[in-house]
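A.B. asks: Structure incoming, see below.
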Amino acid sequence: MTDTSVITREGGATSIASPRDYFALLKPRVMTLVVFTGLVGLVAAPVDMNPLAAAIAILCIAVGAGAAGALNMAYDADIDAVMRRTRLRPVARGVIRADEAYGLGVVLSLMSVLLMALATNYVAAGLLAFSILFYALVYTMWLKRSTPQNIVIGGAAGAFPPMIGWVAATGTVSLDAFILFMIIFLWTPPHSWALALYKSGDYSAAGVPMMPVAKGPKSTRLQIVIYTIAFLVAVTAPVLTGLGGMVYAGSALVGGAIFLILALRVYRSKAGDANAAEDELYAVRFGDKAARDLFAFSIGYLSLIFAALLVEHGLGLYWSPLGGLS
Amino acid sequence: MTQPDENRETVVPTEEEKKAQKRRNLVIALTLVGFAVLVFAVTVLRLSSNISAGGG
């Protein structure tokens, strides 16, 4: 005869995560920049879109970016838990299970790509799918933990949105769409390495081979300057092709000069020097401030030049650098 | 011959867990409905643009 007894335990049956926790999985701050650059790509394209289709395209770009963010948080929960910058993320602190985050990421990816294909065209949907896969598989699961070039190559994922917006409107990739891609692609290294310089301890603790950890702060500071110059060359390209008018040219020129000055300031500083001697600690802190300033300005500058394109193409305030209002 | 004792454990959700589950269910339902509405809207948009372009 079998004697069975039932033990009843209260609690632990299901998650208590709130909608805000699930929204945090989508990296809303990254989504904001993605939506903005995607919108600029769509508006700057030389084809008018139905407003509803355009709105749905932007929604798909946002949801696709959020899905990629959820997949990233699911996979990187172990290193996120170690880093001060990321330890409050939902999966890292155990509020949401990794398999739930994976599930959310996959479902949102499928929905966003499908809806993009229905609302616009297959090329835009294909690019969106590729960008999600690139971020989740190539950057998150492969490059991030294995090479100091992680954000150089992986940064391509963040450069796709304006191209996707452009393709959603036109159906094809053009030189101007590629220029918008290259602007963000070349912006990503100085932006990310400026952050990494004053957070290198965090990345080192997590075993992530960011450039300051893998190659040292001095090499990183030099590469910031090199990529800044390449980035500023890309920033001038819209003026040459006619994509950017006078408003864009003025913003790009003034802001670009400040960007270069800040990058050179970081280069001459001791930002990121973890093994500085006692009497150099002040210089290190000053250098870290220079890195923080560059990081903060890089976000503002990218927003400024894309806003200039939005104003020119969205509000019809385009003055050709060759003269004449278009 | 007696069988070994079997202990079965059941887990009962707390009130907080039940509330969170209801909230999640509601958000999932609204998302699915929203997705269906968007697909419908896109379908109508495509059909009307095809008709105005002279399609059959």
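As shown in the structure tokens, the chain order sets the letters A, B, ...; within each chain, residues go from 1, and ligands are also counted from 1 in the order they appear.
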Would you write out, as JSON lines, a table of all residues in chain B that have an atom no more than 10 Å from an atom of chain A, listing for each the closest atom pair and the distance in Å to one decimal, considering only C-alpha atoms and ordering rows by chain and rising residue number?

C.D. replies:
{"residue": "B:Met1", "atom": "CA", "partner": "A:Met1", "partner_atom": "CA", "distance": 7.1}
{"residue": "B:Thr2", "atom": "CA", "partner": "A:Met1", "partner_atom": "CA", "distance": 4.8}
{"residue": "B:Gln3", "atom": "CA", "partner": "A:Thr2", "partner_atom": "CA", "distance": 4.9}
{"residue": "B:Pro4", "atom": "CA", "partner": "A:Thr2", "partner_atom": "CA", "distance": 6.6}
{"residue": "B:Asp5", "atom": "CA", "partner": "A:Asp3", "partner_atom": "CA", "distance": 5.1}
{"residue": "B:Glu6", "atom": "CA", "partner": "A:Thr4", "partner_atom": "CA", "distance": 4.8}
{"residue": "B:Asn7", "atom": "CA", "partner": "A:Ser5", "partner_atom": "CA", "distance": 5.1}
{"residue": "B:Arg8", "atom": "CA", "partner": "A:Val6", "partner_atom": "CA", "distance": 4.8}
{"residue": "B:Glu9", "atom": "CA", "partner": "A:Ile7", "partner_atom": "CA", "distance": 4.6}
{"residue": "B:Thr10", "atom": "CA", "partner": "A:Thr8", "partner_atom": "CA", "distance": 4.9}
{"residue": "B:Val11", "atom": "CA", "partner": "A:Arg9", "partner_atom": "CA", "distance": 4.8}
{"residue": "B:Val12", "atom": "CA", "partner": "A:Glu10", "partner_atom": "CA", "distance": 4.7}
{"residue": "B:Pro13", "atom": "CA", "partner": "A:Gly11", "partner_atom": "CA", "distance": 5.0}
{"residue": "B:Thr14", "atom": "CA", "partner": "A:Gly11", "partner_atom": "CA", "distance": 5.2}
{"residue": "B:Glu15", "atom": "CA", "partner": "A:Gly11", "partner_atom": "CA", "distance": 8.9}
{"residue": "B:Glu16", "atom": "CA", "partner": "A:Ile16", "partner_atom": "CA", "distance": 6.8}
{"residue": "B:Glu17", "atom": "CA", "partner": "A:Ile16", "partner_atom": "CA", "distance": 5.2}
{"residue": "B:Lys18", "atom": "CA", "partner": "A:Thr14", "partner_atom": "CA", "distance": 8.1}
{"residue": "B:Lys19", "atom": "CA", "partner": "A:Ile16", "partner_atom": "CA", "distance": 8.1}
{"residue": "B:Ala20", "atom": "CA", "partner": "A:Ile16", "partner_atom": "CA", "distance": 5.2}
{"residue": "B:Gln21", "atom": "CA", "partner": "A:Thr14", "partner_atom": "CA", "distance": 7.3}
{"residue": "B:Arg23", "atom": "CA", "partner": "A:Pro19", "partner_atom": "CA", "distance": 7.6}
{"residue": "B:Arg24", "atom": "CA", "partner": "A:Pro19", "partner_atom": "CA", "distance": 7.0}
{"residue": "B:Val27", "atom": "CA", "partner": "A:Pro19", "partner_atom": "CA", "distance": 7.9}
{"residue": "B:Leu32", "atom": "CA", "partner": "A:Met111", "partner_atom": "CA", "distance": 9.9}
{"residue": "B:Phe35", "atom": "CA", "partner": "A:Met111", "partner_atom": "CA", "distance": 7.9}
{"residue": "B:Leu38", "atom": "CA", "partner": "A:Ile56", "partner_atom": "CA", "distance": 7.9}
{"residue": "B:Val39", "atom": "CA", "partner": "A:Leu115", "partner_atom": "CA", "distance": 6.9}
{"residue": "B:Ala41", "atom": "CA", "partner": "A:Leu52", "partner_atom": "CA", "distance": 8.5}
{"residue": "B:Val42", "atom": "CA", "partner": "A:Ala119", "partner_atom": "CA", "distance": 5.6}
{"residue": "B:Thr43", "atom": "CA", "partner": "A:Leu118", "partner_atom": "CA", "distance": 7.8}
{"residue": "B:Leu45", "atom": "CA", "partner": "A:Ala53", "partner_atom": "CA", "distance": 8.2}
{"residue": "B:Arg46", "atom": "CA", "partner": "A:Ala119", "partner_atom": "CA", "distance": 8.0}
{"residue": "B:Ser49", "atom": "CA", "partner": "A:Asn50", "partner_atom": "CA", "distance": 9.9}

A.B. asks: Could you please take those selected residues and save N, CA, C and O atoms as a short mmCIF file (atom, residue, chain, number, x, y, z; two decimals), in the first residue's frame?

C.D. replies:
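The file below, part.cif, is the result:
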data_model
loop_
_atom_site.label_atom_id
_atom_site.label_comp_id
_atom_site.auth_asym_id
_atom_site.auth_seq_id
_atom_site.Cartn_x
_atom_site.Cartn_y
_atom_site.Cartn_z
N MET B 1 3.11 -6.35 0.49
CA MET B 1 4.37 -5.61 0.48
C MET B 1 4.06 -4.13 0.35
O MET B 1 3.31 -3.70 -0.53
N THR B 2 4.63 -3.30 1.19
CA THR B 2 4.31 -1.86 1.12
C THR B 2 5.26 -1.13 0.17
O THR B 2 6.42 -1.51 0.01
N GLN B 3 4.74 -0.10 -0.50
CA GLN B 3 5.52 0.75 -1.39
C GLN B 3 6.18 1.86 -0.57
O GLN B 3 5.68 2.22 0.50
N PRO B 4 7.31 2.41 -1.04
CA PRO B 4 7.92 3.52 -0.29
C PRO B 4 6.98 4.74 -0.28
O PRO B 4 6.16 4.90 -1.18
N ASP B 5 7.11 5.57 0.79
CA ASP B 5 6.28 6.78 0.88
C ASP B 5 6.57 7.72 -0.27
O ASP B 5 7.72 7.87 -0.69
N GLU B 6 5.56 8.33 -0.84
CA GLU B 6 5.75 9.35 -1.89
C GLU B 6 5.27 10.68 -1.34
O GLU B 6 4.18 10.77 -0.79
N ASN B 7 6.08 11.66 -1.47
CA ASN B 7 5.68 13.01 -1.08
C ASN B 7 5.47 13.84 -2.32
O ASN B 7 6.34 13.88 -3.18
N ARG B 8 4.31 14.40 -2.45
CA ARG B 8 4.07 15.27 -3.58
C ARG B 8 4.02 16.71 -3.09
O ARG B 8 3.42 16.99 -2.04
N GLU B 9 4.67 17.58 -3.85
CA GLU B 9 4.68 18.98 -3.45
C GLU B 9 3.83 19.78 -4.43
O GLU B 9 4.00 19.65 -5.64
N THR B 10 2.95 20.55 -3.93
CA THR B 10 2.21 21.47 -4.79
C THR B 10 2.58 22.89 -4.41
O THR B 10 2.81 23.19 -3.23
N VAL B 11 2.64 23.73 -5.42
CA VAL B 11 3.01 25.12 -5.19
C VAL B 11 1.78 25.98 -5.41
O VAL B 11 1.12 25.89 -6.44
N VAL B 12 1.48 26.79 -4.45
CA VAL B 12 0.31 27.67 -4.53
C VAL B 12 0.80 29.11 -4.70
O VAL B 12 1.65 29.57 -3.93
N PRO B 13 0.32 29.81 -5.71
CA PRO B 13 0.81 31.19 -5.88
C PRO B 13 0.30 32.10 -4.77
O PRO B 13 -0.80 31.93 -4.26
N THR B 14 1.14 33.09 -4.44
CA THR B 14 0.72 34.10 -3.46
C THR B 14 -0.19 35.11 -4.16
O THR B 14 -0.31 35.10 -5.40
N GLU B 15 -0.80 35.98 -3.39
CA GLU B 15 -1.68 37.01 -3.97
C GLU B 15 -0.89 37.91 -4.92
O GLU B 15 -1.38 38.29 -5.99
N GLU B 16 0.33 38.25 -4.52
CA GLU B 16 1.17 39.12 -5.36
C GLU B 16 1.47 38.43 -6.70
O GLU B 16 1.42 39.06 -7.77
N GLU B 17 1.75 37.14 -6.64
CA GLU B 17 2.06 36.40 -7.87
C GLU B 17 0.83 36.32 -8.76
O GLU B 17 0.93 36.44 -9.99
N LYS B 18 -0.34 36.13 -8.15
CA LYS B 18 -1.57 36.06 -8.96
C LYS B 18 -1.83 37.39 -9.65
O LYS B 18 -2.21 37.44 -10.82
N LYS B 19 -1.60 38.49 -8.91
CA LYS B 19 -1.81 39.82 -9.50
C LYS B 19 -0.86 40.05 -10.66
O LYS B 19 -1.23 40.57 -11.71
N ALA B 20 0.41 39.67 -10.45
CA ALA B 20 1.41 39.87 -11.50
C ALA B 20 1.05 39.03 -12.74
O ALA B 20 1.20 39.48 -13.87
N GLN B 21 0.57 37.82 -12.51
CA GLN B 21 0.19 36.95 -13.63
C GLN B 21 -0.98 37.54 -14.41
O GLN B 21 -1.00 37.52 -15.64
N ARG B 23 -1.72 40.70 -14.62
CA ARG B 23 -1.22 41.86 -15.35
C ARG B 23 -0.52 41.41 -16.63
O ARG B 23 -0.72 41.98 -17.70
N ARG B 24 0.30 40.35 -16.51
CA ARG B 24 1.02 39.84 -17.67
C ARG B 24 0.05 39.32 -18.72
O ARG B 24 0.20 39.58 -19.91
N VAL B 27 -1.51 42.23 -20.59
CA VAL B 27 -0.59 42.87 -21.54
C VAL B 27 -0.40 41.98 -22.77
O VAL B 27 -0.40 42.47 -23.90
N LEU B 32 -1.51 41.07 -28.49
CA LEU B 32 -1.99 40.23 -29.58
C LEU B 32 -3.12 40.92 -30.35
O LEU B 32 -3.15 40.89 -31.58
N PHE B 35 -1.61 43.63 -32.43
CA PHE B 35 -0.93 43.07 -33.60
C PHE B 35 -1.95 42.73 -34.68
O PHE B 35 -1.76 43.04 -35.87
N LEU B 38 -3.17 45.88 -36.31
CA LEU B 38 -2.18 46.45 -37.24
C LEU B 38 -2.14 45.66 -38.55
O LEU B 38 -2.04 46.25 -39.63
N VAL B 39 -2.21 44.35 -38.46
CA VAL B 39 -2.20 43.53 -39.68
C VAL B 39 -3.44 43.86 -40.51
O VAL B 39 -3.36 44.00 -41.74
N ALA B 41 -5.12 46.70 -40.49
CA ALA B 41 -4.95 48.07 -41.03
C ALA B 41 -4.03 48.05 -42.25
O ALA B 41 -4.30 48.70 -43.26
N VAL B 42 -2.96 47.28 -42.17
CA VAL B 42 -2.01 47.20 -43.29
C VAL B 42 -2.69 46.54 -44.49
O VAL B 42 -2.49 46.95 -45.64
N THR B 43 -3.50 45.52 -44.22
CA THR B 43 -4.20 44.84 -45.31
C THR B 43 -5.14 45.80 -46.03
O THR B 43 -5.17 45.85 -47.28
N LEU B 45 -4.93 49.02 -46.10
CA LEU B 45 -4.08 50.02 -46.78
C LEU B 45 -3.59 49.49 -48.12
O LEU B 45 -3.66 50.16 -49.15
N ARG B 46 -3.11 48.25 -48.11
CA ARG B 46 -2.57 47.66 -49.34
C ARG B 46 -3.67 47.46 -50.38
O ARG B 46 -3.47 47.73 -51.56
N SER B 49 -4.75 50.81 -51.86
CA SER B 49 -3.76 51.39 -52.78
C SER B 49 -3.72 50.59 -54.07
O SER B 49 -3.52 51.12 -55.15
#

A.B. asks: Find the residues around A:Val311 up to 10 Å (only C-alpha atoms counted), leave out those fewer than 5 positions away in its own chain, and share them as an MDAnalysis selection string.

C.D. replies: chainID A and resid 40 43:44 247:248 305:306 316:318

A.B. asks: As a VMD selection string, please: the residues near stretch 173-185 of chain A (cut-off 6 Å, only C-alpha atoms, same-chain neighbours under 3 positions excluded).

C.D. replies: chain A and resid 155 to 156 159 to 160 163 167 188 234 to 235

A.B. asks: Just N, CA and C atoms for this one: save the residues we selected as a PDB file, in the first residue's frame.

C.D. replies:
ATOM      1  N   GLY A 155      29.019  47.173 -33.749  1.00  0.00           N
ATOM      2  CA  GLY A 155      28.338  48.461 -33.867  1.00  0.00           C
ATOM      3  C   GLY A 155      27.494  48.582 -35.124  1.00  0.00           C
ATOM      4  N   ALA A 156      27.738  47.707 -36.078  1.00  0.00           N
ATOM      5  CA  ALA A 156      26.935  47.722 -37.300  1.00  0.00           C
ATOM      6  C   ALA A 156      25.455  47.527 -36.985  1.00  0.00           C
ATOM      7  N   ALA A 159      23.829  50.663 -36.511  1.00  0.00           N
ATOM      8  CA  ALA A 159      23.891  51.538 -37.674  1.00  0.00           C
ATOM      9  C   ALA A 159      22.815  51.217 -38.702  1.00  0.00           C
ATOM     10  N   PHE A 160      22.148  50.095 -38.527  1.00  0.00           N
ATOM     11  CA  PHE A 160      21.143  49.691 -39.511  1.00  0.00           C
ATOM     12  C   PHE A 160      19.852  50.521 -39.503  1.00  0.00           C
ATOM     13  N   MET A 163      19.176  53.036 -42.257  1.00  0.00           N
ATOM     14  CA  MET A 163      19.148  52.363 -43.551  1.00  0.00           C
ATOM     15  C   MET A 163      17.812  51.636 -43.708  1.00  0.00           C
ATOM     16  N   VAL A 167      15.083  52.253 -46.596  1.00  0.00           N
ATOM     17  CA  VAL A 167      14.640  51.149 -47.459  1.00  0.00           C
ATOM     18  C   VAL A 167      13.139  50.912 -47.314  1.00  0.00           C
ATOM     19  N   THR A 188      30.346  54.712 -33.473  1.00  0.00           N
ATOM     20  CA  THR A 188      30.240  53.761 -32.367  1.00  0.00           C
ATOM     21  C   THR A 188      31.561  53.540 -31.625  1.00  0.00           C
ATOM     22  N   ALA A 234      33.058  60.773 -42.679  1.00  0.00           N
ATOM     23  CA  ALA A 234      31.735  60.245 -43.059  1.00  0.00           C
ATOM     24  C   ALA A 234      30.652  61.305 -42.854  1.00  0.00           C
ATOM     25  N   VAL A 235      30.797  62.100 -41.813  1.00  0.00           N
ATOM     26  CA  VAL A 235      29.796  63.131 -41.505  1.00  0.00           C
ATOM     27  C   VAL A 235      29.742  64.192 -42.609  1.00  0.00           C
TER      28      VAL A 235
END

A.B. asks: For the structure I just gave you, how does DSSP split stretch 7-56 of chain B - specifically, which residues are strand (DSSP E or B)? Reply as an mmCIF file with N, CA and C atoms, in the first residue's frame.

C.D. replies:
data_model
loop_
_atom_site.group_PDB
_atom_site.id
_atom_site.type_symbol
_atom_site.label_atom_id
_atom_site.label_comp_id
_atom_site.auth_asym_id
_atom_site.auth_seq_id
_atom_site.Cartn_x
_atom_site.Cartn_y
_atom_site.Cartn_z
ATOM 1 N N ASN B 7 6.085 11.661 -1.469
ATOM 2 C CA ASN B 7 5.677 13.006 -1.078
ATOM 3 C C ASN B 7 5.475 13.836 -2.322
ATOM 4 N N ARG B 8 4.310 14.401 -2.447
ATOM 5 C CA ARG B 8 4.070 15.270 -3.578
ATOM 6 C C ARG B 8 4.019 16.713 -3.090
ATOM 7 N N GLU B 9 4.667 17.578 -3.848
ATOM 8 C CA GLU B 9 4.683 18.984 -3.451
ATOM 9 C C GLU B 9 3.832 19.777 -4.428
ATOM 10 N N THR B 10 2.946 20.553 -3.928
ATOM 11 C CA THR B 10 2.214 21.473 -4.793
ATOM 12 C C THR B 10 2.582 22.893 -4.406
ATOM 13 N N VAL B 11 2.642 23.726 -5.424
ATOM 14 C CA VAL B 11 3.009 25.119 -5.186
ATOM 15 C C VAL B 11 1.783 25.980 -5.407
ATOM 16 N N VAL B 12 1.481 26.793 -4.452
ATOM 17 C CA VAL B 12 0.314 27.675 -4.531
ATOM 18 C C VAL B 12 0.803 29.107 -4.702
#

A.B. asks: Residues at most 12 Å from A:Arg84, counting only C-alpha atoms, excluding those fewer than 5 positions away in the same chain, as a ChimeraX atom specification?

C.D. replies: /A:79,89,92-93,199-206

A.B. asks: Could you turn the residues from that selection into a file that holds all heavy atoms, as a PDB file, in the first residue's frame?

C.D. replies:
ATOM      1  N   ILE A  79      27.363  38.345 -17.019  1.00  0.00           N
ATOM      2  CA  ILE A  79      28.278  39.485 -16.929  1.00  0.00           C
ATOM      3  C   ILE A  79      27.540  40.750 -16.496  1.00  0.00           C
ATOM      4  O   ILE A  79      28.111  41.607 -15.829  1.00  0.00           O
ATOM      5  CB  ILE A  79      29.077  39.719 -18.232  1.00  0.00           C
ATOM      6  CG1 ILE A  79      28.175  39.935 -19.438  1.00  0.00           C
ATOM      7  CG2 ILE A  79      30.018  38.587 -18.481  1.00  0.00           C
ATOM      8  CD1 ILE A  79      28.966  40.204 -20.711  1.00  0.00           C
ATOM      9  N   ARG A  89      19.714  45.255 -14.185  1.00  0.00           N
ATOM     10  CA  ARG A  89      18.866  44.787 -15.281  1.00  0.00           C
ATOM     11  C   ARG A  89      18.017  43.613 -14.796  1.00  0.00           C
ATOM     12  O   ARG A  89      18.447  42.843 -13.932  1.00  0.00           O
ATOM     13  CB  ARG A  89      19.722  44.372 -16.483  1.00  0.00           C
ATOM     14  CG  ARG A  89      20.349  45.570 -17.184  1.00  0.00           C
ATOM     15  CD  ARG A  89      21.216  45.183 -18.341  1.00  0.00           C
ATOM     16  NE  ARG A  89      21.661  46.380 -19.083  1.00  0.00           N
ATOM     17  CZ  ARG A  89      22.506  46.346 -20.104  1.00  0.00           C
ATOM     18  NH1 ARG A  89      22.992  45.201 -20.518  1.00  0.00           N
ATOM     19  NH2 ARG A  89      22.839  47.465 -20.702  1.00  0.00           N
ATOM     20  N   ALA A  92      19.571  40.084 -14.816  1.00  0.00           N
ATOM     21  CA  ALA A  92      20.766  40.076 -13.963  1.00  0.00           C
ATOM     22  C   ALA A  92      20.387  40.002 -12.482  1.00  0.00           C
ATOM     23  O   ALA A  92      21.054  39.322 -11.706  1.00  0.00           O
ATOM     24  CB  ALA A  92      21.613  41.314 -14.230  1.00  0.00           C
ATOM     25  N   ARG A  93      19.315  40.678 -12.094  1.00  0.00           N
ATOM     26  CA  ARG A  93      18.952  40.634 -10.665  1.00  0.00           C
ATOM     27  C   ARG A  93      17.900  39.587 -10.353  1.00  0.00           C
ATOM     28  O   ARG A  93      17.370  39.543  -9.244  1.00  0.00           O
ATOM     29  CB  ARG A  93      18.530  42.021 -10.162  1.00  0.00           C
ATOM     30  CG  ARG A  93      17.387  42.667 -10.857  1.00  0.00           C
ATOM     31  CD  ARG A  93      17.200  44.107 -10.363  1.00  0.00           C
ATOM     32  NE  ARG A  93      16.231  44.803 -11.187  1.00  0.00           N
ATOM     33  CZ  ARG A  93      14.942  44.905 -10.902  1.00  0.00           C
ATOM     34  NH1 ARG A  93      14.473  44.399  -9.787  1.00  0.00           N
ATOM     35  NH2 ARG A  93      14.107  45.537 -11.719  1.00  0.00           N
ATOM     36  N   LYS A 199      35.004  53.212 -17.433  1.00  0.00           N
ATOM     37  CA  LYS A 199      34.337  52.078 -16.795  1.00  0.00           C
ATOM     38  C   LYS A 199      35.166  50.804 -16.962  1.00  0.00           C
ATOM     39  O   LYS A 199      34.629  49.697 -16.897  1.00  0.00           O
ATOM     40  CB  LYS A 199      32.965  51.842 -17.446  1.00  0.00           C
ATOM     41  CG  LYS A 199      31.968  52.942 -17.221  1.00  0.00           C
ATOM     42  CD  LYS A 199      31.332  52.834 -15.857  1.00  0.00           C
ATOM     43  CE  LYS A 199      30.237  53.871 -15.681  1.00  0.00           C
ATOM     44  NZ  LYS A 199      29.771  53.946 -14.306  1.00  0.00           N
ATOM     45  N   SER A 200      36.460  50.957 -17.219  1.00  0.00           N
ATOM     46  CA  SER A 200      37.255  49.780 -17.573  1.00  0.00           C
ATOM     47  C   SER A 200      37.312  48.765 -16.444  1.00  0.00           C
ATOM     48  O   SER A 200      37.396  47.560 -16.686  1.00  0.00           O
ATOM     49  CB  SER A 200      38.675  50.189 -17.996  1.00  0.00           C
ATOM     50  OG  SER A 200      39.279  50.947 -16.983  1.00  0.00           O
ATOM     51  N   GLY A 201      37.228  49.260 -15.198  1.00  0.00           N
ATOM     52  CA  GLY A 201      37.238  48.327 -14.071  1.00  0.00           C
ATOM     53  C   GLY A 201      36.039  47.396 -14.117  1.00  0.00           C
ATOM     54  O   GLY A 201      36.131  46.199 -13.831  1.00  0.00           O
ATOM     55  N   ASP A 202      34.914  47.977 -14.482  1.00  0.00           N
ATOM     56  CA  ASP A 202      33.675  47.201 -14.597  1.00  0.00           C
ATOM     57  C   ASP A 202      33.818  46.092 -15.643  1.00  0.00           C
ATOM     58  O   ASP A 202      33.470  44.935 -15.394  1.00  0.00           O
ATOM     59  CB  ASP A 202      32.547  48.157 -15.040  1.00  0.00           C
ATOM     60  CG  ASP A 202      31.392  48.162 -14.061  1.00  0.00           C
ATOM     61  OD1 ASP A 202      31.534  47.557 -12.979  1.00  0.00           O
ATOM     62  OD2 ASP A 202      30.355  48.753 -14.389  1.00  0.00           O
ATOM     63  N   TYR A 203      34.306  46.458 -16.823  1.00  0.00           N
ATOM     64  CA  TYR A 203      34.434  45.475 -17.903  1.00  0.00           C
ATOM     65  C   TYR A 203      35.490  44.422 -17.550  1.00  0.00           C
ATOM     66  O   TYR A 203      35.339  43.244 -17.875  1.00  0.00           O
ATOM     67  CB  TYR A 203      34.819  46.179 -19.214  1.00  0.00           C
ATOM     68  CG  TYR A 203      33.691  46.953 -19.853  1.00  0.00           C
ATOM     69  CD1 TYR A 203      33.692  48.338 -19.860  1.00  0.00           C
ATOM     70  CD2 TYR A 203      32.612  46.293 -20.448  1.00  0.00           C
ATOM     71  CE1 TYR A 203      32.654  49.054 -20.445  1.00  0.00           C
ATOM     72  CE2 TYR A 203      31.578  46.999 -21.033  1.00  0.00           C
ATOM     73  CZ  TYR A 203      31.606  48.380 -21.020  1.00  0.00           C
ATOM     74  OH  TYR A 203      30.572  49.080 -21.592  1.00  0.00           O
ATOM     75  N   SER A 204      36.552  44.876 -16.889  1.00  0.00           N
ATOM     76  CA  SER A 204      37.611  43.938 -16.514  1.00  0.00           C
ATOM     77  C   SER A 204      37.082  42.889 -15.540  1.00  0.00           C
ATOM     78  O   SER A 204      37.363  41.697 -15.674  1.00  0.00           O
ATOM     79  CB  SER A 204      38.761  44.735 -15.892  1.00  0.00           C
ATOM     80  OG  SER A 204      39.724  43.868 -15.375  1.00  0.00           O
ATOM     81  N   ALA A 205      36.282  43.337 -14.576  1.00  0.00           N
ATOM     82  CA  ALA A 205      35.716  42.412 -13.583  1.00  0.00           C
ATOM     83  C   ALA A 205      34.828  41.369 -14.253  1.00  0.00           C
ATOM     84  O   ALA A 205      34.727  40.227 -13.796  1.00  0.00           O
ATOM     85  CB  ALA A 205      34.917  43.196 -12.537  1.00  0.00           C
ATOM     86  N   ALA A 206      34.176  41.768 -15.349  1.00  0.00           N
ATOM     87  CA  ALA A 206      33.270  40.846 -16.030  1.00  0.00           C
ATOM     88  C   ALA A 206      33.980  40.004 -17.083  1.00  0.00           C
ATOM     89  O   ALA A 206      33.368  39.128 -17.697  1.00  0.00           O
ATOM     90  CB  ALA A 206      32.134  41.635 -16.688  1.00  0.00           C
TER      91      ALA A 206
END

A.B. asks: Find the spatial neighbours of A:Val208, counting only C-alpha atoms, within a cut-off of 12 Å - ignore same-chain residues fewer than 5 positions away - and output them as a list in words.

C.D. replies: Asp76, Asp78, Ile79, Asp80, Val82, Met83, Thr140, Trp142, Leu143, Lys144, Arg145, Ser146, Thr147, Pro148, Gln149, Asn150, Ile151, Ala196, Lys199, Ser200, Gly201, Asp202, Tyr203, Val213 and Ala214 of chain A

A.B. asks: Take the selection from the previous step and output its residues with C-alpha atoms, as an mmCIF file, in the first residue's frame.

C.D. replies:
data_model
loop_
_atom_site.group_PDB
_atom_site.id
_atom_site.type_symbol
_atom_site.label_atom_id
_atom_site.label_comp_id
_atom_site.auth_asym_id
_atom_site.auth_seq_id
_atom_site.Cartn_x
_atom_site.Cartn_y
_atom_site.Cartn_z
ATOM 1 C CA ASP A 76 24.580 38.422 -20.910
ATOM 2 C CA ASP A 78 26.041 36.549 -16.026
ATOM 3 C CA ILE A 79 28.278 39.485 -16.929
ATOM 4 C CA ASP A 80 25.505 42.046 -16.378
ATOM 5 C CA VAL A 82 28.954 41.572 -12.224
ATOM 6 C CA MET A 83 29.052 45.057 -13.755
ATOM 7 C CA THR A 140 26.293 39.255 -28.195
ATOM 8 C CA TRP A 142 30.413 35.778 -30.334
ATOM 9 C CA LEU A 143 32.286 39.091 -30.568
ATOM 10 C CA LYS A 144 31.530 40.729 -27.224
ATOM 11 C CA ARG A 145 33.405 38.150 -25.125
ATOM 12 C CA SER A 146 36.093 37.249 -27.628
ATOM 13 C CA THR A 147 37.700 40.311 -29.206
ATOM 14 C CA PRO A 148 38.523 43.936 -28.427
ATOM 15 C CA GLN A 149 37.089 44.730 -31.879
ATOM 16 C CA ASN A 150 33.684 43.684 -30.506
ATOM 17 C CA ILE A 151 31.994 47.066 -30.725
ATOM 18 C CA ALA A 196 34.860 51.972 -21.615
ATOM 19 C CA LYS A 199 34.337 52.078 -16.795
ATOM 20 C CA SER A 200 37.255 49.780 -17.573
ATOM 21 C CA GLY A 201 37.238 48.327 -14.071
ATOM 22 C CA ASP A 202 33.675 47.201 -14.597
ATOM 23 C CA TYR A 203 34.434 45.475 -17.903
ATOM 24 C CA VAL A 213 41.126 46.129 -20.918
ATOM 25 C CA ALA A 214 42.651 44.197 -23.832
#

A.B. asks: Report, in Å with one decimal, the straight-line distance from atom CA of A:Ala271 to atom CA of A:Leu197.

C.D. replies: 6.1 Å

A.B. asks: When you look at A:Lys27 with a cut-off of 12 Å (counting only C-alpha atoms), what residues show up, excluding the ones that are within fewer than 2 positions of it in the same chain? I need them as a list in words.

C.D. replies: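 Near neighbours after the sequence-gap exclusion: Arg20, Asp21, Tyr22, Phe23, Ala24, Leu25, Arg29, Val30, Met31, Thr32, Leu33, Val34, Ala62, Val63, Gly64, Ala65, Gly66, Ala67, Ala68, Gly69, Ala70, Leu71, Asn72, Met73, Thr86, Arg89, Pro90 and Gly105 of chain A.
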
A.B. asks: If I take atom CA of A:Lys270 and atom CA of A:Pro217, how far is one from the other in Å, to one decimal?

C.D. replies: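 Separation between atom CA of A:Lys270 and atom CA of A:Pro217: 7.9 Å.
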